[in-house]
Amino acid sequence: MSDDIAISETPFADLTKVEFSADHYPVMVTDVLESFSVFREKKALRYFDGTFGRGGHLRAVLVHFPQAKAVAMDQDLRAIEACKVMFKTEVEAERIRIIHGNFSEFKEKNFGSFDMMLLDLGVSSPQLDNAERGFSFYHDGPLDMRMNQNQGITAEYIVNTASEQELNDLFKVYGEIHRPFRVVRAIVHDRKTKAFQSTKELAGLIERVDGWRHKGHHPATQYFMALRLRVNSELEVLQSTLPEMMRALTPGGRLAVISFHSLEDRIVKNLFKHDKQLGQQTHKKVILPAQEECDKNPRSRSAKLRVFERNVQDELKEF
Ligand SMILES: C[S@@+](CC[C@H](N)C(=O)[O-])C[C@H]1O[C@@H](n2cnc3c(N)ncnc32)[C@H](O)[C@@H]1O
């Protein structure tokens with residue numbers, strides 16, 4: 001194992017007071033809470049959650065920090081609908097503001113500054129498990145993959161209209177697939193007769209051409225990941241918005257980011273190192289979930305947590 005990695009030592013335990021949604025079990029909650037624990041004594045706190053999902057982290061933060069008020073965002077309308085129901089009391093008490101939108105709009109929304117911020121990147125279990133959303137090759141659904149169903153291009157559009165060169169580049173860069181050429185050639189050949197419309201059609205082609213190389217690892221995994229990243233511009237949004245969020249931290253404020261993809265983690269790592277004047281990572285190493293959590297929640301296995309802390313001295317410079 002690389003020197004650059006630390007396995008979480010935070011006990012994955014006492015969340016007994018927190019009621020989570022049955023649809024999505026949140027990842028590394030105790031680690032996120034632990035990273036915010038420096039604020040326990042602070043009288044008033046502001047928390048920003050850019051990836052509400054099913055509100056697991058939000059719920060845990062509100063329970064553990066009764067003095068906190070939150071702004072919660074998600075670009076998926078279904079997440080927002082769920083949020084309004086799950087947090088009805090808190091919304092009515094003006095403890096939470098819920099915003100439907102991409103966290104790329106963070107700056108233009110002028111939310112002000114925050115003590116605690118979280119991005120729990122990627123997709124939620126309800127998005128993955130619902131065939132209609134088209135994220136998973138395990139379910140047959142339309143080749144969609146948009147987190148925000150009101151916006152943007154679908155995976156179907158990309159698969160059926162991108163040139164051979166564009167598809168090769170996409171799968172090489174975003175999917176980190178060494179040799180996507182045979183699959184791409186087959187896509188370009190087959191779509192002349194009939195456009196790809198469903199996840200099973202695409203996954204079936206990849207399976208046929210590439211075959212199963214690693215037990216337990218579907219050959220379409222990286223191809224689907226690449227399409228999802230492209231459909232939702234996930235890496236570009238992270239790269240451009242993270243610096244804005246870092247600058248919106250109060251002095252001493254902390255921004256936690258959970259990523260599930262090496263390209264995402266690389267962006268977070270580089271940006272957190274970039275401006276020592278502004279702040280630095282709280283842990284030298286990236287934090288991985290404890291084995292106990294991975295056993296309990298297999299979707300946490302690829303999670304990586306990094307926490308950025310804004311320098312306190314910054315305050316002196318500004319005022
Ligand atoms: C892994 S889930 C978050 C789960 C959440 N922390 C919980 O405990 O339930 C990721 C969520 O972030 C949303 N999302 C991803 N990228 C986003 C973006 N750029 N802007 C807004 N929401 C985003 C997705 O729609 C999804 O609902």
# chains A, B, ... in the order shown; residues from 1 in each chain; ligands from 1
>>> residues_near_ligand(ligand="ligand 1", cutoff="9 Å", atoms="only C-alpha atoms and all ligand atoms", output="PyMOL selection string")
chain A and resi 20-21+23-27+29+49-60+73-80+100-105+118-127+146-148+232-234+237-238+241+258-260
>>> write_last_selection(atoms="C-alpha atoms", output="CSV table (one decimal), in the first residue's frame")
chain,number,residue,atom,x,y,z
A,20,PHE,CA,-30.7,7.7,7.7
A,21,SER,CA,-32.8,7.2,4.6
A,23,ASP,CA,-32.5,4.4,0.0
A,24,HIS,CA,-28.9,5.5,0.5
A,25,TYR,CA,-26.4,4.6,3.2
A,26,PRO,CA,-23.9,7.5,3.5
A,27,VAL,CA,-20.2,6.9,3.3
A,29,VAL,CA,-20.0,9.8,8.1
A,49,ASP,CA,-23.8,20.4,1.5
A,50,GLY,CA,-23.4,20.6,-2.3
A,51,THR,CA,-24.4,17.0,-2.8
A,52,PHE,CA,-27.5,16.4,-0.7
A,53,GLY,CA,-28.4,12.9,-2.2
A,54,ARG,CA,-30.6,11.5,0.5
A,55,GLY,CA,-29.4,13.7,3.2
A,56,GLY,CA,-27.3,11.2,5.3
A,57,HIS,CA,-24.4,13.6,6.0
A,58,LEU,CA,-26.8,16.5,6.4
A,59,ARG,CA,-28.8,14.7,9.0
A,60,ALA,CA,-25.7,13.6,10.9
A,73,MET,CA,-28.0,21.6,-2.9
A,74,ASP,CA,-28.4,18.8,-5.4
A,75,GLN,CA,-28.8,18.9,-9.2
A,76,ASP,CA,-31.2,15.9,-9.1
A,77,LEU,CA,-34.9,16.9,-8.8
A,78,ARG,CA,-35.7,13.6,-7.1
A,79,ALA,CA,-33.1,14.3,-4.4
A,80,ILE,CA,-34.6,17.7,-3.8
A,100,HIS,CA,-32.0,22.7,-6.8
A,101,GLY,CA,-29.0,23.2,-8.9
A,102,ASN,CA,-25.4,22.3,-9.8
A,103,PHE,CA,-22.8,23.2,-7.2
A,104,SER,CA,-21.0,24.8,-10.1
A,105,GLU,CA,-23.4,27.7,-9.4
A,118,LEU,CA,-19.1,18.9,2.1
A,119,LEU,CA,-19.0,17.4,-1.4
A,120,ASP,CA,-19.8,13.7,-1.5
A,121,LEU,CA,-19.2,13.2,-5.2
A,122,GLY,CA,-20.7,10.9,-7.7
A,123,VAL,CA,-24.1,9.2,-7.8
A,124,SER,CA,-26.4,8.1,-5.0
A,125,SER,CA,-27.8,4.6,-4.5
A,126,PRO,CA,-31.3,5.6,-5.7
A,127,GLN,CA,-29.8,7.0,-8.9
A,146,ARG,CA,-27.9,12.7,-16.5
A,147,MET,CA,-28.0,13.7,-12.8
A,148,ASN,CA,-30.1,16.7,-13.7
A,232,ASN,CA,-22.4,15.4,-16.2
A,233,SER,CA,-19.1,17.3,-16.8
A,234,GLU,CA,-18.1,16.1,-13.3
A,237,VAL,CA,-17.2,21.2,-12.5
A,238,LEU,CA,-15.0,20.0,-9.6
A,241,THR,CA,-15.8,25.1,-8.3
A,258,ILE,CA,-15.4,12.4,-0.6
A,259,SER,CA,-14.4,11.1,-4.1
A,260,PHE,CA,-14.8,7.7,-5.7
>>> residues_around(residues="region 243-256 of chain A", least_positions_apart="4", cutoff="6 Å", atoms="only C-alpha atoms", output="list in words")
Ser113, Phe114, Asp115, Met116, Met117, Leu118, Arg306, Val307, Phe308, Glu309, Arg310, Asn311, Val312 and Glu315 of chain A
>>> residues_around(residues="Ser37 (chain A)", least_positions_apart="2", cutoff="12 Å", atoms="only C-alpha atoms", output="ChimeraX atom specification")
/A:30-35,39-42,45,61,64-65,115-116,253-254
>>> write_last_selection(atoms="N, CA and C atoms", output="JSON list (two decimals), in the first residue's frame")
[["chain", "number", "residue", "atom", "x", "y", "z"],
["A", 30, "THR", "N", -18.75, 9.13, 10.05],
["A", 30, "THR", "CA", -18.05, 9.42, 11.31],
["A", 30, "THR", "C", -16.75, 10.20, 11.04],
["A", 31, "ASP", "N", -16.13, 9.90, 9.90],
["A", 31, "ASP", "CA", -14.89, 10.62, 9.56],
["A", 31, "ASP", "C", -15.18, 12.08, 9.24],
["A", 32, "VAL", "N", -16.28, 12.30, 8.53],
["A", 32, "VAL", "CA", -16.66, 13.68, 8.20],
["A", 32, "VAL", "C", -16.99, 14.43, 9.50],
["A", 33, "LEU", "N", -17.77, 13.79, 10.37],
["A", 33, "LEU", "CA", -18.13, 14.44, 11.64],
["A", 33, "LEU", "C", -16.88, 14.74, 12.45],
["A", 34, "GLU", "N", -15.97, 13.78, 12.46],
["A", 34, "GLU", "CA", -14.72, 13.96, 13.22],
["A", 34, "GLU", "C", -13.94, 15.16, 12.68],
["A", 35, "SER", "N", -13.94, 15.30, 11.36],
["A", 35, "SER", "CA", -13.17, 16.41, 10.79],
["A", 35, "SER", "C", -13.81, 17.76, 11.12],
["A", 39, "PHE", "N", -15.38, 22.30, 15.64],
["A", 39, "PHE", "CA", -16.36, 23.39, 15.75],
["A", 39, "PHE", "C", -17.39, 23.14, 16.86],
["A", 40, "ARG", "N", -17.21, 22.05, 17.61],
["A", 40, "ARG", "CA", -18.22, 21.67, 18.60],
["A", 40, "ARG", "C", -18.64, 22.82, 19.51],
["A", 41, "GLU", "N", -17.63, 23.63, 19.91],
["A", 41, "GLU", "CA", -17.92, 24.67, 20.91],
["A", 41, "GLU", "C", -18.36, 25.99, 20.28],
["A", 42, "LYS", "N", -18.29, 26.08, 18.97],
["A", 42, "LYS", "CA", -18.61, 27.36, 18.33],
["A", 42, "LYS", "C", -20.13, 27.62, 18.42],
["A", 45, "LEU", "N", -23.03, 28.08, 13.59],
["A", 45, "LEU", "CA", -22.26, 27.46, 12.51],
["A", 45, "LEU", "C", -23.05, 27.49, 11.22],
["A", 61, "VAL", "N", -24.86, 15.87, 10.48],
["A", 61, "VAL", "CA", -24.31, 17.17, 10.88],
["A", 61, "VAL", "C", -25.33, 17.92, 11.75],
["A", 64, "HIS", "N", -25.45, 16.35, 15.23],
["A", 64, "HIS", "CA", -24.24, 16.54, 16.04],
["A", 64, "HIS", "C", -23.90, 18.00, 16.31],
["A", 65, "PHE", "N", -24.43, 18.88, 15.47],
["A", 65, "PHE", "CA", -24.15, 20.32, 15.66],
["A", 65, "PHE", "C", -25.48, 21.06, 15.72],
["A", 115, "ASP", "N", -18.57, 27.53, 7.73],
["A", 115, "ASP", "CA", -17.57, 26.91, 8.61],
["A", 115, "ASP", "C", -17.28, 25.48, 8.15],
["A", 116, "MET", "N", -18.35, 24.80, 7.71],
["A", 116, "MET", "CA", -18.20, 23.39, 7.33],
["A", 116, "MET", "C", -18.84, 23.22, 5.95],
["A", 253, "GLY", "N", -12.25, 27.47, 8.76],
["A", 253, "GLY", "CA", -13.33, 26.61, 8.25],
["A", 253, "GLY", "C", -12.80, 25.39, 7.50],
["A", 254, "ARG", "N", -13.63, 24.36, 7.38],
["A", 254, "ARG", "CA", -13.17, 23.11, 6.78],
["A", 254, "ARG", "C", -14.08, 22.63, 5.65]]
>>> residues_around(residues="Ala226 (chain A)", least_positions_apart="2", cutoff="8 Å", atoms="only C-alpha atoms", output="list in words")
Leu170, Phe171, Val173, Tyr174, Gly175, Gln222, Tyr223, Phe224, Arg228, Leu229 and Arg230 of chain A
>>> write_last_selection(atoms="C-alpha atoms", output="PDB file, in the first residue's frame")
ATOM      1  CA  LEU A 170     -13.279   9.812 -24.021  1.00  0.00           C
ATOM      2  CA  PHE A 171     -12.751   6.216 -22.915  1.00  0.00           C
ATOM      3  CA  VAL A 173      -9.034   9.842 -20.661  1.00  0.00           C
ATOM      4  CA  TYR A 174     -12.128   9.532 -18.450  1.00  0.00           C
ATOM      5  CA  GLY A 175     -12.304   5.736 -18.310  1.00  0.00           C
ATOM      6  CA  GLN A 222     -14.967   1.884 -16.920  1.00  0.00           C
ATOM      7  CA  TYR A 223     -16.837   2.644 -20.147  1.00  0.00           C
ATOM      8  CA  PHE A 224     -19.959   3.544 -18.153  1.00  0.00           C
ATOM      9  CA  ARG A 228     -21.176   9.406 -16.776  1.00  0.00           C
ATOM     10  CA  LEU A 229     -18.280  11.754 -16.066  1.00  0.00           C
ATOM     11  CA  ARG A 230     -18.658  13.286 -19.519  1.00  0.00           C
TER      12      ARG A 230
END
>>> select_by_dssp(residues="region 35-282 of chain A", states="helix (DSSP H, G or I)", output="ChimeraX atom specification")
/A:35-39,56-64,77-86,88-92,103-105,125-129,131-133,155-161,164-173,181-190,199-210,221-231,234-247,262-274
>>> residues_around(residues="His218 (chain A)", least_positions_apart="5", cutoff="12 Å", atoms="only C-alpha atoms", output="list in words")
Ser136, Phe137, Tyr138, Ala203, Gly204, Ile206, Glu207, Arg208, Asp210, Gly211, Trp212, Arg213, Tyr223, Phe224 and Met225 of chain A
>>> closest_residue(among="A:Cys294, A:Ala93, A:Val268, A:Val184", to="Gln280 (chain A)", atoms="only C-alpha atoms")
A:Val268
>>> select_by_dssp(residues="region 79-224 of chain A", states="strand (DSSP E or B)", output="NGL selection string")
:A and (96-100 or 114-120 or 142 or 198 or 214 or 217)
>>> write_last_selection(atoms="C-alpha atoms", output="mmCIF file, in the first residue's frame")
data_model
loop_
_atom_site.group_PDB
_atom_site.id
_atom_site.type_symbol
_atom_site.label_atom_id
_atom_site.label_comp_id
_atom_site.auth_asym_id
_atom_site.auth_seq_id
_atom_site.Cartn_x
_atom_site.Cartn_y
_atom_site.Cartn_z
ATOM 1 C CA ILE A 96 -32.146 24.470 6.085
ATOM 2 C CA ARG A 97 -32.335 26.185 2.725
ATOM 3 C CA ILE A 98 -32.776 23.744 -0.133
ATOM 4 C CA ILE A 99 -31.596 24.648 -3.606
ATOM 5 C CA HIS A 100 -32.048 22.662 -6.799
ATOM 6 C CA PHE A 114 -19.368 28.583 5.705
ATOM 7 C CA ASP A 115 -17.573 26.910 8.612
ATOM 8 C CA MET A 116 -18.203 23.394 7.327
ATOM 9 C CA MET A 117 -18.652 22.275 3.744
ATOM 10 C CA LEU A 118 -19.063 18.878 2.118
ATOM 11 C CA LEU A 119 -18.994 17.417 -1.367
ATOM 12 C CA ASP A 120 -19.812 13.715 -1.458
ATOM 13 C CA PRO A 142 -32.444 4.167 -21.354
ATOM 14 C CA SER A 198 -30.391 1.065 -23.764
ATOM 15 C CA HIS A 214 -11.188 -9.757 -14.079
ATOM 16 C CA HIS A 217 -15.396 -6.624 -12.515
#
>>> closest_residue(among="A:Gln313, A:Gln67, A:Thr154, A:Ser302", to="His261 (chain A)", atoms="only C-alpha atoms")
A:Ser302
>>> residues_around(residues="region 161-168 of chain A", least_positions_apart="3", cutoff="7 Å", atoms="only C-alpha atoms", output="list in words")
Tyr157, Ile158, Phe171, Lys172, Pro180, Phe181, Val184, Arg185 and Val188 of chain A
>>> atom_distance(atom1="CA of Glu94 (chain A)", atom2="CA of Pro66 (chain A)")
13.2 Å
>>> atom_distance(atom1="CA of Leu227 (chain A)", atom2="CA of Arg191 (chain A)")
16.6 Å
